[in-house]
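Input: a single structure, listed below in structure tokens.
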Amino acid sequence: MVGVVIRRLLLTGAVVLAATVAVGAGDSDVPVVEAAPESERVTLFSDSVGLGTRGYFDRAFPASYEANVFGTPALFVEQLESKHVRPTLAGARHLIGDHVVIAAGYNYPYWDPARFDRSIDSMIDTLTNAGVKHVYWVTLREVKPEYISASAWRQVQPYYWYFPTVNDHLESALGRHPNLTLVDWAAVADRPGITYDAIHLNGTGAELYSATVADAVRTNATRPVDGSVTKIDVTDTPGVSAVALNLASTNTRTTGYFTAFACGDTPPDVANLNYERGDISSAAAIVPVDDDGNVCVYVDAASNVIVDVFGTFDESTGLTAVAPNRVADSRSGSPQSAGDTLELKVASAGATAVALNVTGIRPTSFGYITVHGCDDEPTTATVNLAAGVISSNLVMVRPDDDGNVCVTTSDTTSHLTVDRFATFTNEASIIPVTPTRLLDSRPNGEPSAGQVHRFDVADTPIVTDETASLDADDVSAVFMNLAVVAPQANGFSTAWPCSDPRPDTANVNFRAGVTVSNFVTVAPDESGEVCVWTSAAAHVVIDVLGAAASGFDGFTPVRKIDTRN
């Protein structure tokens, strides 16, 4: 191959069937332009499915990018490597930049799965050793009869059954190759009208497929990598000891977690937010700041990081920032069964409240976890659980007189972890109350997108409970658990002081059909009102956990970082 580069070179069908050849020496009438930088060079190696993006793939990227497509139909992965990847690296390395996309696996050696794993490893190792920074692999469409014609369904019968197995092998490869990202065509392709048979793309599908790949490539440009730390300036107010914030993960490479801590400290061996590949997840946290008002977020597995700040604590709140520590982890033994209660020592006798992060790990079915003082009966949910999923939530809870709290699982069996992040002394201006259900929209009929729910702190146990003894005018923030129930589409929910414009932040990120909850710290407005909005139709359940008085400055949420930007 000669050293001539064409911006947005796409191979025609005739060339696809031959060896990998770009522009011949005699093609003097072809305009030669300067190559794009390697960070803007994307190469797709594919079997027949990805080859259907010709004429669409380049248009999915900004004009400054080079987007090249190479391949031949009906190749196994090792054949794609030997016929196209290796020759291109050897003879036309200038066509390959930082980003290489592999679209292969429909031709799968089902009689020898280990061969497929070896071919995945060989392909990625070959590219990595040649200096490619990011390898993307497009998952296979998991064909469903409702999205294709009857004839296409009959045609795909001999081989569609192993497509989920191929995707499982690709998922496993993420653990072996930290520079591998899956482009989740399987998740996107559950719709009609994108193929002319079961898997091969028509124009609509080619455009969608190309856009899905391009989005993955662009995301990777700013996404913090495995094991990295992101530093965030969260406050410049003197005297602040800690902040209340919300962490969100998106564009996650694989299963992982975030840990938030004061910069300069060693990241503690705990988690504030757990996520899985492709998740958009959120979790609240109370985090000490360093002397310059910074917080750091450790990213276990590559993910974009979003941080919204809701308020600040000063020393008068009675917050004792302890080194975050894990106080329970059932994974070394048996999971906790439905109806069982675990009693934990979390504070010294007389502590007003503790901040805990509670995680349910791959429960057997839907259910929930309740964290409560051991002298209280559980009546609300702290963490909502879905079968096979890792779910976590922050909780502010009042221990019993001996400094103990109880963790009860309901309707499911699940492993769990409990991490302690802060303790509030008995002189604290943090006022916990027995968790009390304030709002449940489910009896009120069908929800609608964009619906706003509002409440007045004067009507909550923060004011009405005789143990709280707090005037409505003294409430600087409300602590509550916000659950989004049975959402009808993907979306997010935001809580804010009603008199302010709704901020461009999120407290809960949710997926269609999945109930999820998150701890929320929200400042009421001058009239004592708090508003909650959902972007998609969903029911809302709010449990009040407590309030802050003096020493906590609650405000309309502010986005401090979004690494996607």
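Chain labels follow the order of the structure tokens: the first chain is A, the next B, and so on; residue numbering restarts at 1 in every chain, and ligands are counted from 1 in their shown order.
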
* To do: Mind the document's chain letters and residue numbers, and return as number ranges by chain the residues of range 316-441 of chain A that DSSP labels strand (DSSP E).
  => A: 319-329, 341-345, 353-361, 367-373, 383-385, 390-397, 404-410, 415-424, 430-440

Dump C-alpha atoms for the selected residues as a compact mmCIF listing (two decimals), in the first residue's frame?
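File written: out_30.txt
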# COMPACT_ATOMS: atom_id res chain seq x y z
CA LEU A 319 -19.95 16.65 61.74
CA THR A 320 -17.08 14.37 62.69
CA ALA A 321 -15.40 13.36 59.45
CA VAL A 322 -14.09 9.88 60.05
CA ALA A 323 -11.86 7.96 57.70
CA PRO A 324 -14.51 6.14 55.63
CA ASN A 325 -14.52 2.51 56.60
CA ARG A 326 -16.42 -0.65 55.75
CA VAL A 327 -18.40 -1.87 58.73
CA ALA A 328 -20.06 -4.86 57.04
CA ASP A 329 -19.51 -7.05 53.98
CA THR A 341 -31.84 -8.00 60.26
CA LEU A 342 -28.15 -7.22 60.75
CA GLU A 343 -27.21 -5.14 63.82
CA LEU A 344 -24.10 -2.97 63.44
CA LYS A 345 -22.08 -0.80 65.82
CA ALA A 353 -26.69 10.61 63.36
CA VAL A 354 -24.38 8.71 61.04
CA ALA A 355 -24.00 8.85 57.26
CA LEU A 356 -23.79 5.35 55.77
CA ASN A 357 -23.61 4.03 52.23
CA VAL A 358 -25.53 0.76 51.92
CA THR A 359 -25.18 -1.54 48.90
CA GLY A 360 -27.22 -4.55 47.86
CA ILE A 361 -25.18 -6.87 45.64
CA GLY A 367 -36.88 -6.18 47.00
CA TYR A 368 -35.47 -3.50 49.27
CA ILE A 369 -33.18 -2.75 52.21
CA THR A 370 -34.16 -0.58 55.18
CA VAL A 371 -31.62 1.01 57.53
CA HIS A 372 -33.05 2.10 60.88
CA GLY A 373 -32.25 2.61 64.52
CA VAL A 383 -32.23 0.91 48.84
CA ASN A 384 -34.52 -0.47 46.15
CA LEU A 385 -33.16 -3.69 44.65
CA ILE A 390 -25.76 -3.83 42.28
CA SER A 391 -27.64 -0.93 43.95
CA SER A 392 -26.48 1.50 46.63
CA ASN A 393 -27.72 4.54 48.52
CA LEU A 394 -26.58 6.98 51.16
CA VAL A 395 -28.64 7.17 54.34
CA MET A 396 -28.63 9.55 57.29
CA VAL A 397 -29.83 7.52 60.26
CA ASN A 404 -26.13 0.74 66.77
CA VAL A 405 -28.18 0.66 63.58
CA CYS A 406 -30.05 -2.25 62.01
CA VAL A 407 -30.13 -3.27 58.33
CA THR A 408 -33.17 -5.29 57.23
CA THR A 409 -33.69 -6.94 53.85
CA SER A 410 -37.22 -7.45 52.55
CA HIS A 415 -25.25 -9.79 49.77
CA LEU A 416 -24.68 -6.34 51.22
CA THR A 417 -21.96 -3.92 52.23
CA VAL A 418 -22.20 -1.00 54.65
CA ASP A 419 -19.67 1.86 54.62
CA ARG A 420 -19.54 4.64 57.22
CA PHE A 421 -18.64 8.14 56.02
CA ALA A 422 -19.47 10.57 58.82
CA THR A 423 -20.78 10.87 62.36
CA PHE A 424 -22.69 13.77 63.87
CA ILE A 430 -28.37 17.81 62.16
CA ILE A 431 -31.80 16.57 63.21
CA PRO A 432 -32.65 13.00 62.15
CA VAL A 433 -36.22 11.74 62.43
CA THR A 434 -37.72 8.30 62.14
CA PRO A 435 -38.03 7.77 58.37
CA THR A 436 -41.53 8.85 57.42
CA ARG A 437 -43.33 8.60 54.09
CA LEU A 438 -44.23 12.11 53.00
CA LEU A 439 -45.44 11.55 49.45
CA ASP A 440 -46.49 8.57 47.34

Write out as a Markdown table a residue-level contact list of range 198-308 of chain A versus range 125-133 of chain A with cut-off 12 Å: for each qualifying residue the closest pair of atoms and the distance in Å to one decimal, counting only C-alpha atoms, rows sorted by chain and residue number upward.
| residue | atom | partner | partner_atom | distance |
| --- | --- | --- | --- | --- |
| A:Val217 | CA | A:Lys133 | CA | 11.4 |
| A:Asn220 | CA | A:Lys133 | CA | 10.4 |
| A:Ala221 | CA | A:Lys133 | CA | 10.8 |
| A:Val225 | CA | A:Lys133 | CA | 11.7 |

Would you write out those residues with C-alpha atoms, as a short mmCIF file (atom, residue, chain, number, x, y, z; two decimals), in the first residue's frame?
data_model
loop_
_atom_site.label_atom_id
_atom_site.label_comp_id
_atom_site.auth_asym_id
_atom_site.auth_seq_id
_atom_site.Cartn_x
_atom_site.Cartn_y
_atom_site.Cartn_z
CA VAL A 217 -15.49 7.24 20.16
CA ASN A 220 -13.76 8.13 25.09
CA ALA A 221 -11.98 11.38 24.37
CA VAL A 225 -9.64 5.91 32.60
#

* Any idea what's packed within 12 Å of Leu180 in chain A, counting only C-alpha atoms, ignoring anything in its chain fewer than 3 positions away? Could you give it as a PyMOL selection string? -> chain A and resi 99-102+120-121+123-125+127-128+132-138+170-177+183+216-217+220+225-226+252-254+301-302

Would you write out those residues with N, CA and C atoms, as a JSON list (two decimals), in the first residue's frame?
[["chain", "number", "residue", "atom", "x", "y", "z"],
["A", 99, "HIS", "N", -8.03, 5.20, 17.29],
["A", 99, "HIS", "CA", -9.30, 4.50, 17.48],
["A", 99, "HIS", "C", -9.51, 3.44, 16.40],
["A", 100, "VAL", "N", -9.63, 2.18, 16.83],
["A", 100, "VAL", "CA", -9.95, 1.09, 15.91],
["A", 100, "VAL", "C", -11.21, 0.39, 16.41],
["A", 101, "VAL", "N", -12.14, 0.20, 15.49],
["A", 101, "VAL", "CA", -13.41, -0.45, 15.80],
["A", 101, "VAL", "C", -13.44, -1.81, 15.11],
["A", 102, "ILE", "N", -13.76, -2.85, 15.87],
["A", 102, "ILE", "CA", -13.91, -4.20, 15.33],
["A", 102, "ILE", "C", -15.40, -4.56, 15.35],
["A", 120, "ILE", "N", -10.23, -12.97, 20.02],
["A", 120, "ILE", "CA", -10.45, -11.63, 20.59],
["A", 120, "ILE", "C", -9.14, -11.09, 21.15],
["A", 121, "ASP", "N", -8.48, -11.91, 21.97],
["A", 121, "ASP", "CA", -7.23, -11.47, 22.62],
["A", 121, "ASP", "C", -6.15, -11.16, 21.58],
["A", 123, "MET", "N", -6.56, -10.22, 18.44],
["A", 123, "MET", "CA", -6.89, -8.99, 17.72],
["A", 123, "MET", "C", -6.54, -7.77, 18.55],
["A", 124, "ILE", "N", -6.94, -7.76, 19.81],
["A", 124, "ILE", "CA", -6.71, -6.58, 20.65],
["A", 124, "ILE", "C", -5.22, -6.42, 20.94],
["A", 125, "ASP", "N", -4.53, -7.52, 21.20],
["A", 125, "ASP", "CA", -3.09, -7.44, 21.47],
["A", 125, "ASP", "C", -2.34, -6.92, 20.24],
["A", 127, "LEU", "N", -3.41, -4.91, 17.89],
["A", 127, "LEU", "CA", -3.64, -3.47, 17.75],
["A", 127, "LEU", "C", -2.94, -2.68, 18.85],
["A", 128, "THR", "N", -3.01, -3.18, 20.08],
["A", 128, "THR", "CA", -2.39, -2.47, 21.20],
["A", 128, "THR", "C", -0.87, -2.41, 21.02],
["A", 132, "VAL", "N", -2.18, 1.39, 18.99],
["A", 132, "VAL", "CA", -3.57, 1.85, 19.01],
["A", 132, "VAL", "C", -4.00, 2.05, 20.47],
["A", 133, "LYS", "N", -4.55, 3.21, 20.78],
["A", 133, "LYS", "CA", -4.88, 3.52, 22.17],
["A", 133, "LYS", "C", -6.23, 2.94, 22.59],
["A", 134, "HIS", "N", -7.19, 2.99, 21.68],
["A", 134, "HIS", "CA", -8.56, 2.60, 22.04],
["A", 134, "HIS", "C", -9.09, 1.58, 21.03],
["A", 135, "VAL", "N", -9.53, 0.44, 21.55],
["A", 135, "VAL", "CA", -10.14, -0.58, 20.72],
["A", 135, "VAL", "C", -11.61, -0.68, 21.11],
["A", 136, "TYR", "N", -12.47, -0.64, 20.12],
["A", 136, "TYR", "CA", -13.92, -0.75, 20.33],
["A", 136, "TYR", "C", -14.40, -2.02, 19.63],
["A", 137, "TRP", "N", -15.33, -2.70, 20.26],
["A", 137, "TRP", "CA", -15.90, -3.90, 19.63],
["A", 137, "TRP", "C", -17.42, -3.74, 19.65],
["A", 138, "VAL", "N", -18.02, -3.89, 18.49],
["A", 138, "VAL", "CA", -19.47, -3.71, 18.38],
["A", 138, "VAL", "C", -20.16, -5.02, 18.75],
["A", 170, "LEU", "N", -17.57, -11.19, 24.70],
["A", 170, "LEU", "CA", -17.03, -9.83, 24.57],
["A", 170, "LEU", "C", -17.06, -9.12, 25.93],
["A", 171, "GLU", "N", -18.13, -9.32, 26.68],
["A", 171, "GLU", "CA", -18.22, -8.74, 28.02],
["A", 171, "GLU", "C", -17.07, -9.22, 28.89],
["A", 172, "SER", "N", -16.78, -10.51, 28.83],
["A", 172, "SER", "CA", -15.68, -11.06, 29.63],
["A", 172, "SER", "C", -14.34, -10.48, 29.23],
["A", 173, "ALA", "N", -14.18, -10.14, 27.96],
["A", 173, "ALA", "CA", -12.91, -9.60, 27.48],
["A", 173, "ALA", "C", -12.61, -8.23, 28.07],
["A", 174, "LEU", "N", -13.61, -7.52, 28.55],
["A", 174, "LEU", "CA", -13.37, -6.21, 29.16],
["A", 174, "LEU", "C", -12.42, -6.32, 30.34],
["A", 175, "GLY", "N", -12.53, -7.40, 31.10],
["A", 175, "GLY", "CA", -11.65, -7.58, 32.25],
["A", 175, "GLY", "C", -10.22, -7.87, 31.87],
["A", 176, "ARG", "N", -10.00, -8.38, 30.66],
["A", 176, "ARG", "CA", -8.64, -8.71, 30.22],
["A", 176, "ARG", "C", -7.96, -7.56, 29.48],
["A", 177, "HIS", "N", -8.75, -6.61, 29.00],
["A", 177, "HIS", "CA", -8.18, -5.56, 28.14],
["A", 177, "HIS", "C", -8.72, -4.19, 28.58],
["A", 183, "VAL", "N", -19.19, -1.25, 22.05],
["A", 183, "VAL", "CA", -20.20, -0.40, 21.44],
["A", 183, "VAL", "C", -21.49, -1.23, 21.44],
["A", 216, "ALA", "N", -19.57, 6.48, 20.90],
["A", 216, "ALA", "CA", -18.61, 5.79, 21.78],
["A", 216, "ALA", "C", -17.22, 6.37, 21.63],
["A", 217, "VAL", "N", -16.82, 6.69, 20.40],
["A", 217, "VAL", "CA", -15.49, 7.24, 20.16],
["A", 217, "VAL", "C", -15.36, 8.63, 20.78],
["A", 220, "ASN", "N", -15.05, 8.58, 24.59],
["A", 220, "ASN", "CA", -13.76, 8.13, 25.09],
["A", 220, "ASN", "C", -12.72, 9.24, 25.15],
["A", 225, "VAL", "N", -9.99, 7.30, 32.85],
["A", 225, "VAL", "CA", -9.64, 5.91, 32.60],
["A", 225, "VAL", "C", -9.69, 5.10, 33.90],
["A", 226, "ASP", "N", -9.54, 3.77, 33.75],
["A", 226, "ASP", "CA", -9.52, 2.88, 34.91],
["A", 226, "ASP", "C", -8.47, 3.35, 35.92],
["A", 252, "THR", "N", -20.10, 4.17, 31.06],
["A", 252, "THR", "CA", -19.22, 3.31, 31.84],
["A", 252, "THR", "C", -18.68, 2.17, 30.99],
["A", 253, "ARG", "N", -17.37, 1.89, 31.14],
["A", 253, "ARG", "CA", -16.73, 0.86, 30.33],
["A", 253, "ARG", "C", -17.11, -0.54, 30.79],
["A", 254, "THR", "N", -17.15, -0.73, 32.11],
["A", 254, "THR", "CA", -17.49, -2.04, 32.68],
["A", 254, "THR", "C", -17.91, -1.82, 34.12],
["A", 301, "ALA", "N", -13.37, 1.90, 37.26],
["A", 301, "ALA", "CA", -13.42, 1.48, 35.86],
["A", 301, "ALA", "C", -13.88, 2.67, 35.04],
["A", 302, "ALA", "N", -13.27, 2.86, 33.88],
["A", 302, "ALA", "CA", -13.47, 4.07, 33.08],
["A", 302, "ALA", "C", -14.93, 4.49, 33.00]]

* Running DSSP on the backbone, which parts of range 201-427 of chain A land in helix (DSSP H, G or I), as number ranges by chain? -> A: 203-220, 315-317, 330-332

For the residues in that selection, give me N, CA and C atoms as a compact mmCIF listing (two decimals), in the first residue's frame.
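As written to disk, part-v2.txt reads:
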# COMPACT_ATOMS: atom_id res chain seq x y z
N GLY A 203 -30.55 1.56 5.12
CA GLY A 203 -30.03 2.91 5.30
C GLY A 203 -30.27 3.46 6.69
N THR A 204 -31.46 3.22 7.22
CA THR A 204 -31.77 3.70 8.58
C THR A 204 -30.86 3.04 9.61
N GLY A 205 -30.68 1.72 9.46
CA GLY A 205 -29.81 1.01 10.39
C GLY A 205 -28.36 1.42 10.28
N ALA A 206 -27.89 1.66 9.04
CA ALA A 206 -26.49 2.06 8.84
C ALA A 206 -26.22 3.41 9.49
N GLU A 207 -27.19 4.32 9.39
CA GLU A 207 -27.03 5.63 10.01
C GLU A 207 -27.00 5.50 11.54
N LEU A 208 -27.91 4.68 12.09
CA LEU A 208 -27.96 4.49 13.54
C LEU A 208 -26.71 3.78 14.04
N TYR A 209 -26.27 2.75 13.34
CA TYR A 209 -25.07 1.98 13.70
C TYR A 209 -23.86 2.91 13.73
N SER A 210 -23.72 3.72 12.69
CA SER A 210 -22.57 4.63 12.59
C SER A 210 -22.60 5.66 13.71
N ALA A 211 -23.79 6.19 14.00
CA ALA A 211 -23.91 7.18 15.08
C ALA A 211 -23.58 6.57 16.44
N THR A 212 -23.95 5.31 16.63
CA THR A 212 -23.67 4.63 17.90
C THR A 212 -22.16 4.46 18.09
N VAL A 213 -21.46 4.09 17.02
CA VAL A 213 -20.01 3.96 17.09
C VAL A 213 -19.38 5.32 17.34
N ALA A 214 -19.82 6.33 16.60
CA ALA A 214 -19.23 7.66 16.74
C ALA A 214 -19.41 8.22 18.14
N ASP A 215 -20.57 7.95 18.74
CA ASP A 215 -20.80 8.42 20.10
C ASP A 215 -19.83 7.77 21.07
N ALA A 216 -19.57 6.48 20.90
CA ALA A 216 -18.61 5.79 21.78
C ALA A 216 -17.22 6.37 21.63
N VAL A 217 -16.82 6.69 20.40
CA VAL A 217 -15.49 7.24 20.16
C VAL A 217 -15.36 8.63 20.78
N ARG A 218 -16.36 9.46 20.57
CA ARG A 218 -16.29 10.82 21.12
C ARG A 218 -16.30 10.79 22.65
N THR A 219 -17.08 9.90 23.24
CA THR A 219 -17.14 9.77 24.69
C THR A 219 -15.77 9.44 25.27
N ASN A 220 -15.05 8.58 24.59
CA ASN A 220 -13.76 8.13 25.09
C ASN A 220 -12.72 9.24 25.15
N GLU A 315 -18.07 23.66 60.68
CA GLU A 315 -17.75 22.89 61.89
C GLU A 315 -18.88 22.91 62.92
N SER A 316 -19.76 23.92 62.85
CA SER A 316 -20.81 24.02 63.87
C SER A 316 -21.89 22.96 63.68
N THR A 317 -21.90 22.25 62.56
CA THR A 317 -22.91 21.20 62.37
C THR A 317 -22.64 19.98 63.23
N SER A 330 -21.01 -8.90 53.57
CA SER A 330 -21.48 -10.28 53.72
C SER A 330 -20.85 -11.23 52.72
N ARG A 331 -20.08 -10.71 51.76
CA ARG A 331 -19.58 -11.58 50.69
C ARG A 331 -18.58 -12.62 51.16
N SER A 332 -18.04 -12.43 52.35
CA SER A 332 -17.14 -13.45 52.90
C SER A 332 -17.92 -14.62 53.51

* To do: For CA of Val289 in chain A and CA of Pro399 in chain A, quote the distance in Å rounded to one decimal.
  =>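 It comes out at 25.2 Å.
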
* **Residue contacts of range 94-98 of chain A (9 Å, only C-alpha atoms) excluding same-chain residues fewer than 6 positions away, as a VMD selection string** => chain A and resid 3 to 6 35 to 43 66 to 68 88 131 to 135
